[in-house]
>>> print(open('model21.txt').read())   # compact mmCIF, C-alpha atoms
# COMPACT_ATOMS: atom_id res chain seq x y z
CA MET A 112 0.00 0.00 0.00
CA ALA A 113 1.28 3.48 -0.85
CA ALA A 114 1.92 5.80 2.09
CA PRO A 115 -1.08 8.10 2.51
CA VAL A 116 1.06 11.23 2.82
CA THR A 117 3.25 12.43 -0.07
CA VAL A 118 5.80 15.22 -0.13
CA TYR A 119 6.78 16.38 -3.62
CA GLY A 120 10.32 17.65 -4.11
CA PRO A 121 13.98 16.64 -3.62
CA VAL A 122 14.78 16.34 0.09
CA ILE A 123 18.05 18.24 -0.43
CA SER A 124 15.92 21.36 -0.97
CA PRO A 125 15.74 23.28 2.34
CA ALA A 126 11.97 23.78 2.09
CA VAL A 127 11.36 20.08 1.39
CA ALA A 128 13.67 19.15 4.28
CA ARG A 129 11.62 21.45 6.56
CA VAL A 130 8.44 19.50 5.82
CA ALA A 131 10.21 16.14 6.18
CA ALA A 132 11.54 17.20 9.60
CA CYS A 133 8.03 18.12 10.70
CA LEU A 134 6.52 14.82 9.53
CA LEU A 135 9.29 12.89 11.31
CA GLU A 136 8.77 14.86 14.56
CA LYS A 137 5.06 14.08 14.24
CA ASP A 138 5.62 10.38 13.49
CA VAL A 139 3.46 10.64 10.39
CA PRO A 140 4.55 8.09 7.75
CA PHE A 141 5.19 9.63 4.34
CA GLN A 142 6.79 9.09 0.97
CA ILE A 143 8.93 11.49 -1.04
CA GLU A 144 8.08 12.02 -4.70
CA PRO A 145 11.35 13.58 -5.88
CA VAL A 146 10.28 15.92 -8.78
CA ASP A 147 13.19 16.22 -11.23
CA MET A 148 13.71 19.96 -11.47
CA SER A 149 16.52 19.58 -14.02
CA LYS A 150 13.89 18.09 -16.35
CA GLY A 151 11.44 20.92 -15.53
CA GLU A 152 8.99 18.60 -13.79
CA HIS A 153 8.13 21.39 -11.32
CA LYS A 154 6.68 23.38 -14.23
CA SER A 155 4.55 20.54 -15.63
CA PRO A 156 0.76 21.05 -15.73
CA SER A 157 0.17 18.23 -13.24
CA PHE A 158 2.65 19.71 -10.74
CA LEU A 159 1.27 23.24 -11.19
CA LYS A 160 -2.09 21.90 -10.05
CA LEU A 161 -0.42 21.03 -6.73
CA GLN A 162 1.81 24.11 -6.54
CA PRO A 163 0.74 27.00 -8.81
CA PHE A 164 4.11 28.80 -8.53
CA GLY A 165 6.02 25.72 -9.73
CA GLN A 166 8.13 25.50 -6.57
CA VAL A 167 8.88 22.68 -4.16
CA PRO A 168 7.58 21.31 -1.88
CA ALA A 169 3.97 20.39 -2.44
CA PHE A 170 2.08 18.12 -0.08
CA LYS A 171 -0.81 15.69 -0.41
CA ASP A 172 -2.67 13.50 2.07
CA HIS A 173 -6.01 11.65 1.97
CA LEU A 174 -7.88 14.90 2.67
CA THR A 175 -6.23 17.75 0.78
CA THR A 176 -3.20 19.27 -0.94
CA VAL A 177 -1.13 22.13 0.53
CA PHE A 178 1.83 24.19 -0.74
CA GLU A 179 4.46 26.44 0.95
CA SER A 180 6.62 24.65 3.52
CA ARG A 181 5.56 26.64 6.60
CA ALA A 182 1.85 26.29 5.70
CA ILE A 183 2.38 22.55 5.23
CA CYS A 184 4.09 22.28 8.65
CA ARG A 185 1.20 24.11 10.32
CA TYR A 186 -1.29 21.81 8.58
CA ILE A 187 0.56 18.68 9.73
CA CYS A 188 0.40 19.93 13.34
CA ASP A 189 -3.25 21.00 13.08
CA GLN A 190 -4.44 17.83 11.33
CA TYR A 191 -2.32 15.11 12.96
CA THR A 192 -2.87 16.38 16.50
CA ASP A 193 -2.57 13.01 18.22
CA HIS A 194 0.64 11.93 16.46
CA GLY A 195 4.24 12.22 17.71
CA ASN A 196 5.40 15.54 19.14
CA GLN A 197 2.22 17.31 20.24
CA ALA A 198 3.80 20.60 21.34
CA LEU A 199 5.13 21.80 17.97
CA LEU A 200 2.44 24.49 17.70
CA GLY A 201 1.90 24.76 21.46
CA LYS A 202 0.33 22.56 24.07
CA LYS A 203 -3.45 22.41 23.93
CA GLU A 204 -3.75 23.92 27.42
CA ASP A 205 -1.72 26.97 26.38
CA GLY A 206 -4.28 27.89 23.71
CA ALA A 207 -3.94 30.90 21.42
CA VAL A 208 -1.30 32.58 23.62
CA GLY A 209 0.99 29.55 23.43
CA ARG A 210 0.56 29.29 19.68
CA ALA A 211 1.27 33.01 19.19
CA ALA A 212 4.54 32.72 21.13
CA ILE A 213 5.60 30.17 18.51
CA GLU A 214 4.06 31.87 15.47
CA GLN A 215 5.97 35.13 16.05
CA TRP A 216 9.30 33.31 15.82
CA ILE A 217 8.18 31.26 12.80
CA GLU A 218 7.50 34.63 11.17
CA ALA A 219 10.89 35.96 12.31
CA GLU A 220 12.48 33.02 10.51
CA SER A 221 10.34 33.60 7.43
CA GLN A 222 10.78 37.40 7.28
CA SER A 223 14.28 37.95 8.69
CA PHE A 224 16.39 34.77 8.75
CA ASN A 225 15.37 32.93 5.60
CA GLN A 226 16.32 35.41 2.88
CA PRO A 227 19.91 36.26 3.95
CA SER A 228 20.73 32.71 5.03
CA LEU A 229 19.39 31.28 1.76
CA ALA A 230 21.34 33.84 -0.27
CA ILE A 231 24.59 32.83 1.47
CA ILE A 232 23.83 29.12 1.10
CA PHE A 233 23.04 29.59 -2.56
CA GLN A 234 26.32 31.37 -3.26
CA LEU A 235 28.57 29.15 -1.15
CA ALA A 236 26.97 25.71 -1.44
CA PHE A 237 24.57 25.49 -4.38
CA ALA A 238 26.39 27.68 -6.94
CA PRO A 239 29.59 25.54 -6.86
CA MET A 240 27.46 22.34 -7.13
CA MET A 241 25.79 23.85 -10.21
CA GLY A 242 29.10 24.95 -11.73
CA ARG A 243 28.27 28.63 -11.20
CA THR A 244 30.60 31.34 -9.90
CA THR A 245 30.14 32.49 -6.30
CA ASP A 246 29.29 36.18 -6.00
CA MET A 247 31.20 37.25 -2.89
CA ALA A 248 29.55 40.68 -2.83
CA VAL A 249 26.18 38.97 -2.36
CA VAL A 250 27.67 36.82 0.41
CA GLU A 251 29.07 39.83 2.25
CA GLN A 252 25.91 41.90 1.90
CA ASN A 253 23.78 39.11 3.29
CA GLU A 254 26.24 38.29 6.04
CA VAL A 255 25.74 41.82 7.37
CA LYS A 256 21.96 41.34 7.35
CA LEU A 257 22.15 37.88 8.89
CA THR A 258 24.55 39.02 11.61
CA LYS A 259 21.96 41.48 12.91
CA VAL A 260 19.27 38.81 13.01
CA LEU A 261 21.56 36.33 14.76
CA GLY A 262 22.39 38.94 17.38
CA VAL A 263 18.71 39.12 18.30
CA TYR A 264 18.46 35.34 18.20
CA ASP A 265 21.45 34.86 20.50
CA GLN A 266 19.94 37.25 23.03
CA ARG A 267 16.58 35.47 22.85
CA LEU A 268 18.21 32.07 23.31
CA GLY A 269 19.98 33.43 26.37
CA GLU A 270 16.56 34.03 27.92
CA SER A 271 14.92 30.71 27.10
CA GLN A 272 16.00 27.26 26.01
CA TYR A 273 14.10 27.38 22.73
CA PHE A 274 12.63 30.29 20.76
CA ALA A 275 9.18 30.00 22.30
CA GLY A 276 10.14 28.82 25.80
CA ASP A 277 10.96 25.49 27.41
CA ASP A 278 9.81 23.27 24.56
CA PHE A 279 11.20 22.59 21.10
CA SER A 280 8.59 23.85 18.63
CA LEU A 281 7.96 24.66 15.00
CA ALA A 282 9.70 28.00 15.71
CA ASP A 283 12.97 26.09 16.13
CA LEU A 284 12.26 23.45 13.50
CA VAL A 285 11.73 25.90 10.62
CA HIS A 286 15.34 27.10 11.07
CA LEU A 287 16.90 23.63 10.73
CA PRO A 288 17.40 23.33 6.94
CA ASN A 289 19.12 26.68 6.30
CA ALA A 290 21.09 26.57 9.55
CA ASP A 291 22.34 23.07 8.75
CA PHE A 292 23.55 24.12 5.31
CA LEU A 293 25.25 27.16 6.82
CA VAL A 294 27.03 25.13 9.50
CA ASN A 295 27.89 22.03 7.48
CA ARG A 296 28.22 23.08 3.86
CA THR A 297 29.71 26.60 3.94
CA ASN A 298 32.66 28.26 5.68
CA LYS A 299 30.23 30.45 7.66
CA ALA A 300 29.48 27.99 10.48
CA GLY A 301 30.91 30.48 12.97
CA LEU A 302 27.91 32.75 12.49
CA ILE A 303 26.05 30.18 14.58
CA THR A 304 28.69 28.15 16.41
CA GLU A 305 30.66 31.14 17.71
CA ARG A 306 27.66 32.62 19.49
CA LYS A 307 27.22 31.04 22.91
CA ASN A 308 23.46 30.65 23.09
CA LEU A 309 22.94 29.92 19.42
CA ALA A 310 25.67 27.27 19.60
CA ARG A 311 24.00 25.57 22.59
CA TRP A 312 20.62 25.68 20.82
CA TRP A 313 22.11 24.38 17.55
CA ASP A 314 23.81 21.43 19.28
CA ASP A 315 20.48 20.57 20.85
CA ILE A 316 18.11 20.86 17.88
CA SER A 317 20.44 19.48 15.19
CA THR A 318 20.93 16.22 17.09
CA ARG A 319 17.24 15.43 17.46
CA PRO A 320 16.42 12.04 15.89
CA ALA A 321 14.00 13.58 13.38
CA TRP A 322 16.64 15.92 11.96
CA LYS A 323 19.32 13.23 11.92
CA LYS A 324 16.92 11.14 9.84
CA VAL A 325 16.46 14.02 7.35
CA ILE A 326 20.25 14.29 6.95
CA GLU A 327 20.38 10.55 6.33
CA MET A 328 17.67 10.91 3.67
CA GLN A 329 19.60 13.77 2.03
CA SER A 330 22.77 11.65 1.89
CA ALA A 331 21.09 8.53 0.52
CA PRO A 332 21.73 7.77 -3.15
CA ARG A 333 18.82 8.87 -5.31
CA PRO A 334 16.51 6.13 -6.59
CA SER A 335 17.55 5.34 -10.16
CA MET B 27 -10.80 53.20 30.46
CA ALA B 28 -7.93 52.50 28.10
CA ALA B 29 -8.70 50.07 25.28
CA PRO B 30 -7.47 46.61 26.27
CA VAL B 31 -5.78 46.00 22.92
CA THR B 32 -2.85 48.16 21.76
CA VAL B 33 -1.10 48.16 18.40
CA TYR B 34 2.30 49.88 18.41
CA GLY B 35 3.39 51.65 15.25
CA PRO B 36 2.27 54.30 12.74
CA VAL B 37 -0.81 53.10 10.83
CA ILE B 38 0.71 54.35 7.56
CA SER B 39 3.17 51.46 7.83
CA PRO B 40 1.86 48.55 5.71
CA ALA B 41 2.47 45.99 8.45
CA VAL B 42 0.67 48.10 11.06
CA ALA B 43 -2.22 48.66 8.64
CA ARG B 44 -2.44 44.87 8.17
CA VAL B 45 -3.03 44.35 11.89
CA ALA B 46 -5.50 47.26 12.09
CA ALA B 47 -7.51 45.76 9.20
CA CYS B 48 -7.65 42.42 11.00
CA LEU B 49 -8.83 43.97 14.29
CA LEU B 50 -11.51 45.96 12.44
CA GLU B 51 -12.73 42.85 10.59
CA LYS B 52 -12.88 41.09 13.96
CA ASP B 53 -14.69 44.00 15.68
CA VAL B 54 -12.05 44.04 18.42
CA PRO B 55 -11.69 47.56 19.89
CA PHE B 56 -8.09 48.78 19.96
CA GLN B 57 -5.89 51.82 20.31
CA ILE B 58 -2.86 52.79 18.23
CA GLU B 59 0.33 53.78 20.04
CA PRO B 60 2.12 55.56 17.17
CA VAL B 61 5.88 54.97 17.95
CA ASP B 62 7.87 57.88 16.52
CA MET B 63 10.42 56.15 14.31
CA SER B 64 12.07 59.46 13.34
CA LYS B 65 13.00 59.82 17.03
CA GLY B 66 14.23 56.20 17.15
CA GLU B 67 11.48 55.13 19.55
CA HIS B 68 11.39 51.71 17.83
CA LYS B 69 14.95 51.10 19.07
CA SER B 70 14.28 52.10 22.70
CA PRO B 71 14.80 49.44 25.39
CA SER B 72 11.09 49.44 26.30
CA PHE B 73 10.04 48.90 22.68
CA LEU B 74 12.67 46.21 22.12
CA LYS B 75 11.02 44.25 24.94
CA LEU B 76 7.86 44.15 22.82
CA GLN B 77 9.62 43.68 19.46
CA PRO B 78 13.23 42.45 19.72
CA PHE B 79 14.07 43.41 16.12
CA GLY B 80 12.97 47.03 16.66
CA GLN B 81 10.36 46.90 13.92
CA VAL B 82 6.67 47.82 13.83
CA PRO B 83 4.08 46.62 14.64
CA ALA B 84 4.02 45.15 18.10
CA PHE B 85 0.80 44.08 19.79
CA LYS B 86 -0.41 43.81 23.37
CA ASP B 87 -3.65 42.67 24.94
CA HIS B 88 -4.64 41.65 28.48
CA LEU B 89 -3.07 38.23 28.01
CA THR B 90 0.15 38.59 26.04
CA THR B 91 2.36 40.49 23.60
CA VAL B 92 2.99 39.39 19.99
CA PHE B 93 5.20 40.70 17.15
CA GLU B 94 5.26 40.23 13.35
CA SER B 95 2.07 41.36 11.59
CA ARG B 96 1.00 37.97 10.21
CA ALA B 97 1.58 36.27 13.57
CA ILE B 98 -0.47 39.02 15.25
CA CYS B 99 -3.32 38.54 12.74
CA ARG B 100 -3.35 34.79 13.39
CA TYR B 101 -3.41 35.40 17.14
CA ILE B 102 -6.33 37.83 16.85
CA CYS B 103 -8.32 35.18 14.93
CA ASP B 104 -7.34 32.36 17.32
CA GLN B 105 -7.97 34.34 20.52
CA TYR B 106 -11.03 36.44 19.61
CA THR B 107 -12.94 33.57 18.03
CA ASP B 108 -16.44 34.85 18.82
CA HIS B 109 -15.83 38.41 17.58
CA GLY B 110 -16.71 39.91 14.17
CA ASN B 111 -15.73 38.00 11.04
CA GLN B 112 -15.36 34.38 12.17
CA ALA B 113 -14.14 32.93 8.87
CA LEU B 114 -10.82 34.76 8.54
CA LEU B 115 -8.84 31.61 9.37
CA GLY B 116 -11.55 29.22 8.18
CA LYS B 117 -14.92 28.17 9.49
CA LYS B 118 -14.78 25.92 12.52
CA GLU B 119 -16.52 23.10 10.64
CA ASP B 120 -13.83 23.14 7.94
CA GLY B 121 -11.11 22.32 10.49
CA ALA B 122 -7.44 21.95 9.61
CA VAL B 123 -8.15 21.53 5.87
CA GLY B 124 -10.00 24.85 5.71
CA ARG B 125 -7.25 26.62 7.63
CA ALA B 126 -4.52 25.15 5.40
CA ALA B 127 -6.30 26.42 2.26
CA ILE B 128 -5.94 29.90 3.75
CA GLU B 129 -2.47 29.47 5.26
CA GLN B 130 -0.90 28.49 1.92
CA TRP B 131 -1.97 31.80 0.36
CA ILE B 132 -0.91 33.80 3.43
CA GLU B 133 2.51 32.23 2.89
CA ALA B 134 2.38 33.04 -0.84
CA GLU B 135 1.85 36.68 0.12
CA SER B 136 4.64 36.52 2.67
CA GLN B 137 7.17 34.67 0.48
CA SER B 138 6.35 35.86 -3.05
CA PHE B 139 4.21 39.03 -3.09
CA ASN B 140 5.50 41.04 -0.14
CA GLN B 141 9.14 41.58 -1.07
CA PRO B 142 8.78 42.81 -4.68
CA SER B 143 5.64 44.87 -3.94
CA LEU B 144 7.30 46.50 -0.92
CA ALA B 145 10.45 47.26 -2.93
CA ILE B 146 8.37 49.05 -5.60
CA ILE B 147 6.31 50.92 -3.00
CA PHE B 148 9.44 51.98 -1.19
CA GLN B 149 11.03 53.38 -4.36
CA LEU B 150 7.93 55.05 -5.80
CA ALA B 151 6.00 56.19 -2.72
CA PHE B 152 8.19 56.27 0.39
CA ALA B 153 11.51 57.44 -1.12
CA PRO B 154 10.00 60.68 -2.55
CA MET B 155 8.24 61.34 0.81
CA MET B 156 11.61 60.95 2.54
CA GLY B 157 13.40 63.16 0.01
CA ARG B 158 15.36 60.23 -1.41
CA THR B 159 16.00 59.48 -5.07
CA THR B 160 13.99 56.70 -6.68
CA ASP B 161 16.13 53.86 -8.02
CA MET B 162 14.35 52.88 -11.23
CA ALA B 163 16.54 49.79 -11.72
CA VAL B 164 15.18 48.41 -8.44
CA VAL B 165 11.63 49.21 -9.57
CA GLU B 166 12.09 47.42 -12.90
CA GLN B 167 13.76 44.38 -11.38
CA ASN B 168 10.98 43.95 -8.85
CA GLU B 169 8.27 44.60 -11.41
CA VAL B 170 9.51 41.56 -13.33
CA LYS B 171 9.32 39.44 -10.15
CA LEU B 172 5.92 40.79 -9.14
CA THR B 173 4.47 40.29 -12.63
CA LYS B 174 5.14 36.55 -12.39
CA VAL B 175 3.42 36.35 -9.00
CA LEU B 176 0.44 38.36 -10.19
CA GLY B 177 0.05 36.06 -13.18
CA VAL B 178 -0.43 33.14 -10.79
CA TYR B 179 -2.76 35.25 -8.64
CA ASP B 180 -4.92 36.25 -11.60
CA GLN B 181 -5.30 32.63 -12.63
CA ARG B 182 -6.22 31.62 -9.08
CA LEU B 183 -8.78 34.40 -8.78
CA GLY B 184 -10.33 33.20 -12.03
CA GLU B 185 -11.03 29.88 -10.31
CA SER B 186 -12.46 31.19 -7.04
CA GLN B 187 -13.86 34.45 -5.72
CA TYR B 188 -11.20 34.82 -3.04
CA PHE B 189 -7.79 33.17 -2.60
CA ALA B 190 -9.06 30.37 -0.39
CA GLY B 191 -12.52 29.89 -1.90
CA ASP B 192 -15.92 31.55 -1.48
CA ASP B 193 -15.11 33.56 1.63
CA PHE B 194 -12.92 36.58 2.25
CA SER B 195 -10.13 35.43 4.59
CA LEU B 196 -6.80 36.39 6.09
CA ALA B 197 -5.26 35.21 2.78
CA ASP B 198 -6.90 38.18 1.05
CA LEU B 199 -6.53 40.60 3.96
CA VAL B 200 -2.75 40.28 4.25
CA HIS B 201 -2.43 41.66 0.69
CA LEU B 202 -4.43 44.85 1.37
CA PRO B 203 -1.71 47.25 2.60
CA ASN B 204 0.88 46.71 -0.15
CA ALA B 205 -1.76 46.39 -2.88
CA ASP B 206 -3.41 49.64 -1.77
CA PHE B 207 -0.11 51.53 -1.90
CA LEU B 208 0.61 50.08 -5.32
CA VAL B 209 -2.81 51.04 -6.71
CA ASN B 210 -3.24 54.41 -5.03
CA ARG B 211 0.22 55.84 -4.41
CA THR B 212 2.35 54.68 -7.36
CA ASN B 213 1.98 54.72 -11.15
CA LYS B 214 1.92 50.91 -11.16
CA ALA B 215 -1.81 50.43 -10.43
CA GLY B 216 -2.18 48.62 -13.75
CA LEU B 217 -0.27 45.64 -12.41
CA ILE B 218 -3.48 44.89 -10.49
CA THR B 219 -6.25 46.84 -12.21
CA GLU B 220 -5.41 45.70 -15.74
CA ARG B 221 -5.74 42.02 -14.88
CA LYS B 222 -9.37 40.95 -15.07
CA ASN B 223 -9.67 38.69 -12.04
CA LEU B 224 -7.28 40.64 -9.85
CA ALA B 225 -9.19 43.84 -10.68
CA ARG B 226 -12.52 42.24 -9.69
CA TRP B 227 -10.99 40.93 -6.46
CA TRP B 228 -9.35 44.27 -5.68
CA ASP B 229 -12.61 46.22 -6.16
CA ASP B 230 -14.26 43.80 -3.78
CA ILE B 231 -11.73 43.63 -0.95
CA SER B 232 -10.62 47.26 -1.00
CA THR B 233 -14.17 48.53 -0.47
CA ARG B 234 -14.85 46.46 2.63
CA PRO B 235 -15.78 48.70 5.58
CA ALA B 236 -12.80 47.53 7.65
CA TRP B 237 -10.27 48.54 4.98
CA LYS B 238 -12.04 51.84 4.29
CA LYS B 239 -11.70 52.59 7.99
CA VAL B 240 -7.94 51.87 7.87
CA ILE B 241 -7.55 54.32 4.97
CA GLU B 242 -9.47 56.89 7.01
CA MET B 243 -7.11 56.32 9.95
CA GLN B 244 -4.09 56.70 7.64
CA SER B 245 -5.41 60.03 6.33
CA ALA B 246 -6.28 61.46 9.73
CA PRO B 247 -3.97 64.17 11.04
CA ARG B 248 -1.53 62.80 13.58
CA PRO B 249 -2.25 63.55 17.23
CA SER B 250 -0.08 66.50 18.21
>>> encode(input="model21.txt", output="structure tokens")
Amino acid sequence: MAAPVTVYGPVISPAVARVAACLLEKDVPFQIEPVDMSKGEHKSPSFLKLQPFGQVPAFKDHLTTVFESRAICRYICDQYTDHGNQALLGKKEDGAVGRAAIEQWIEAESQSFNQPSLAIIFQLAFAPMMGRTTDMAVVEQNEVKLTKVLGVYDQRLGESQYFAGDDFSLADLVHLPNADFLVNRTNKAGLITERKNLARWWDDISTRPAWKKVIEMQSAPRPS
Amino acid sequence: MAAPVTVYGPVISPAVARVAACLLEKDVPFQIEPVDMSKGEHKSPSFLKLQPFGQVPAFKDHLTTVFESRAICRYICDQYTDHGNQALLGKKEDGAVGRAAIEQWIEAESQSFNQPSLAIIFQLAFAPMMGRTTDMAVVEQNEVKLTKVLGVYDQRLGESQYFAGDDFSLADLVHLPNADFLVNRTNKAGLITERKNLARWWDDISTRPAWKKVIEMQSAPRPS
């Protein structure tokens, strides 16, 4: 029997990895449908029905389809409430206030961390893989932006164990893919590992079983 | 008695206007605490406690504080469930699937529409107000990006009345501030008004009483 939950996109893509991490934290079985972007499969009519912008990931379960990685993660938490980690979007008893404490840091990731970190990753990790030249001016410009954000993060993580308090949540999880690339596939690891609180937080969240499983999936040879 | 809900930031700011629109749709009484950014009030220690990045808006009610406009809007819907428009994050009976249909388009706004529209607005509306020179190369570059997004939007709005289906939702609301600036304070209105389905949608959502009230608040003389 096919798994009831499908994630479309190569798991090396940070946004696909984000969704995979969430499903693994939630103990929801799923299958990856790779989508060969080099063959333009993400622009095919059938894929555009799932994701109208022609981007990865897209998501499908027995009830619906969803696109955009952070929307997919929220849906997984809202729909599969009784599975796996049940505090990713806040404990039930903490209600709207608990969820908002998480949502504001998910938005910080989305609005402030994602763009500069992705720009650096693209220049230092993806461009060489694709045989393109690294634009160091872009790296430097985005390092300045990212440094400001990480200053705020380090202060926050000096006040509480995780972004939203005592529990690992989606606010931490959404950072995993870009942060992992930064630490492990560029020479900019120090941006995270040389800041005391960020380094402690990174050691903690990057060694969670769910994330280690994503890394394993990213390293596995592609199905031929 | 002071209003129990406070939004910090000048309502002319698109992100502050987004939160005001949500509160008005939800019929939640609130007061605006302007925050004088020309005097650096957004970088004061007391403001940084509300918003660690020193950006507007911040939000406070009798239960908590929240930052980031889209996180604040979600909180307002989640906390004030019985107030005003009760379908902004989906009808209760539509559950997680209904919410996800909205969330994916909120994320589209946040990831794809916001950056290029804000860049154009900044160059064509804010820069002249601030006595800065408009950088037309930035305008043109972002117009190319925005045009692609609006093509997808126009197709979507040919399939359904609003982004997430038959009801106006947060997915539509989050677009209001940037779209209004684009249509009414730049010479790029045609990007929206010359596309059939987007034009129909824009006429509909921009004439809702809540948004008309925000525009009125933006035009009101500042308290001296």
>>> atom_distance(input="model21.txt", atom1="CA of Trp322 in chain A", atom2="CA of His153 in chain A")
25.4 Å
>>> residues_around(input="model21.txt", residues="range 169-172 of chain A", least_positions_apart="3", cutoff="12 Å", atoms="all atoms listed in the file", output="tab-separated table (two decimals) with C-alpha atoms, keeping the file's coordinate frame")
chain	number	residue	atom	x	y	z
A	113	ALA	CA	1.28	3.48	-0.85
A	114	ALA	CA	1.92	5.80	2.09
A	115	PRO	CA	-1.08	8.10	2.51
A	116	VAL	CA	1.06	11.23	2.82
A	117	THR	CA	3.25	12.43	-0.07
A	118	VAL	CA	5.80	15.22	-0.13
A	119	TYR	CA	6.78	16.38	-3.62
A	120	GLY	CA	10.32	17.65	-4.11
A	121	PRO	CA	13.98	16.64	-3.62
A	122	VAL	CA	14.78	16.34	0.09
A	126	ALA	CA	11.97	23.78	2.09
A	127	VAL	CA	11.36	20.08	1.39
A	128	ALA	CA	13.67	19.15	4.28
A	129	ARG	CA	11.62	21.45	6.56
A	130	VAL	CA	8.44	19.50	5.82
A	131	ALA	CA	10.21	16.14	6.18
A	134	LEU	CA	6.52	14.82	9.53
A	139	VAL	CA	3.46	10.64	10.39
A	140	PRO	CA	4.55	8.09	7.75
A	141	PHE	CA	5.19	9.63	4.34
A	142	GLN	CA	6.79	9.09	0.97
A	143	ILE	CA	8.93	11.49	-1.04
A	144	GLU	CA	8.08	12.02	-4.70
A	145	PRO	CA	11.35	13.58	-5.88
A	146	VAL	CA	10.28	15.92	-8.78
A	153	HIS	CA	8.13	21.39	-11.32
A	157	SER	CA	0.17	18.23	-13.24
A	158	PHE	CA	2.65	19.71	-10.74
A	159	LEU	CA	1.27	23.24	-11.19
A	160	LYS	CA	-2.09	21.90	-10.05
A	161	LEU	CA	-0.42	21.03	-6.73
A	162	GLN	CA	1.81	24.11	-6.54
A	163	PRO	CA	0.74	27.00	-8.81
A	164	PHE	CA	4.11	28.80	-8.53
A	165	GLY	CA	6.02	25.72	-9.73
A	166	GLN	CA	8.13	25.50	-6.57
A	175	THR	CA	-6.23	17.75	0.78
A	176	THR	CA	-3.20	19.27	-0.94
A	177	VAL	CA	-1.13	22.13	0.53
A	178	PHE	CA	1.83	24.19	-0.74
A	179	GLU	CA	4.46	26.44	0.95
A	180	SER	CA	6.62	24.65	3.52
A	181	ARG	CA	5.56	26.64	6.60
A	182	ALA	CA	1.85	26.29	5.70
A	183	ILE	CA	2.38	22.55	5.23
A	184	CYS	CA	4.09	22.28	8.65
A	186	TYR	CA	-1.29	21.81	8.58
A	187	ILE	CA	0.56	18.68	9.73
A	190	GLN	CA	-4.44	17.83	11.33
A	191	TYR	CA	-2.32	15.11	12.96
B	123	VAL	CA	-8.15	21.53	5.87
B	126	ALA	CA	-4.52	25.15	5.40
B	130	GLN	CA	-0.90	28.49	1.92
>>> atom_distance(input="model21.txt", atom1="CA of Leu268 in chain A", atom2="CA of Asn308 in chain A")
5.4 Å
>>> atom_distance(input="model21.txt", atom1="CA of Ala113 in chain B", atom2="CA of Leu196 in chain B")
8.6 Å
>>> closest_residue(input="model21.txt", among="A:Glu152, A:Asp193, A:Asp291, A:Asp265", to="Lys307 in chain A", atoms="only C-alpha atoms")
A:Asp265
>>> closest_residue(input="model21.txt", among="B:Ile132, B:Ile241, B:Ile231, B:Ala153", to="chain A", atoms="all atoms listed in the file")
B:Ile132
>>> decode(input="model21.txt", residues="range 192-203 of chain B", atoms="N, CA and C atoms", output="mmCIF file, in the first residue's frame")
data_model
loop_
_atom_site.group_PDB
_atom_site.id
_atom_site.type_symbol
_atom_site.label_atom_id
_atom_site.label_comp_id
_atom_site.auth_asym_id
_atom_site.auth_seq_id
_atom_site.Cartn_x
_atom_site.Cartn_y
_atom_site.Cartn_z
ATOM 1 N N ASP B 192 -14.766 30.650 -1.377
ATOM 2 C CA ASP B 192 -15.921 31.549 -1.485
ATOM 3 C C ASP B 192 -15.945 32.667 -0.451
ATOM 4 N N ASP B 193 -15.074 32.565 0.560
ATOM 5 C CA ASP B 193 -15.112 33.564 1.631
ATOM 6 C C ASP B 193 -13.852 34.412 1.685
ATOM 7 N N PHE B 194 -14.034 35.687 1.946
ATOM 8 C CA PHE B 194 -12.915 36.578 2.254
ATOM 9 C C PHE B 194 -12.210 36.028 3.492
ATOM 10 N N SER B 195 -10.882 35.981 3.456
ATOM 11 C CA SER B 195 -10.133 35.427 4.585
ATOM 12 C C SER B 195 -8.844 36.211 4.806
ATOM 13 N N LEU B 196 -8.094 35.787 5.795
ATOM 14 C CA LEU B 196 -6.795 36.394 6.085
ATOM 15 C C LEU B 196 -5.872 36.323 4.852
ATOM 16 N N ALA B 197 -6.080 35.332 3.993
ATOM 17 C CA ALA B 197 -5.260 35.208 2.780
ATOM 18 C C ALA B 197 -5.443 36.422 1.870
ATOM 19 N N ASP B 198 -6.653 36.954 1.820
ATOM 20 C CA ASP B 198 -6.902 38.177 1.053
ATOM 21 C C ASP B 198 -6.432 39.392 1.851
ATOM 22 N N LEU B 199 -6.817 39.436 3.108
ATOM 23 C CA LEU B 199 -6.530 40.600 3.962
ATOM 24 C C LEU B 199 -5.048 40.970 4.012
ATOM 25 N N VAL B 200 -4.177 39.977 4.127
ATOM 26 C CA VAL B 200 -2.746 40.283 4.250
ATOM 27 C C VAL B 200 -2.206 41.064 3.042
ATOM 28 N N HIS B 201 -2.873 40.940 1.889
ATOM 29 C CA HIS B 201 -2.429 41.663 0.689
ATOM 30 C C HIS B 201 -2.827 43.137 0.686
ATOM 31 N N LEU B 202 -3.837 43.514 1.472
ATOM 32 C CA LEU B 202 -4.427 44.850 1.370
ATOM 33 C C LEU B 202 -3.419 46.008 1.467
ATOM 34 N N PRO B 203 -2.545 46.054 2.464
ATOM 35 C CA PRO B 203 -1.709 47.253 2.601
ATOM 36 C C PRO B 203 -0.787 47.506 1.407
#
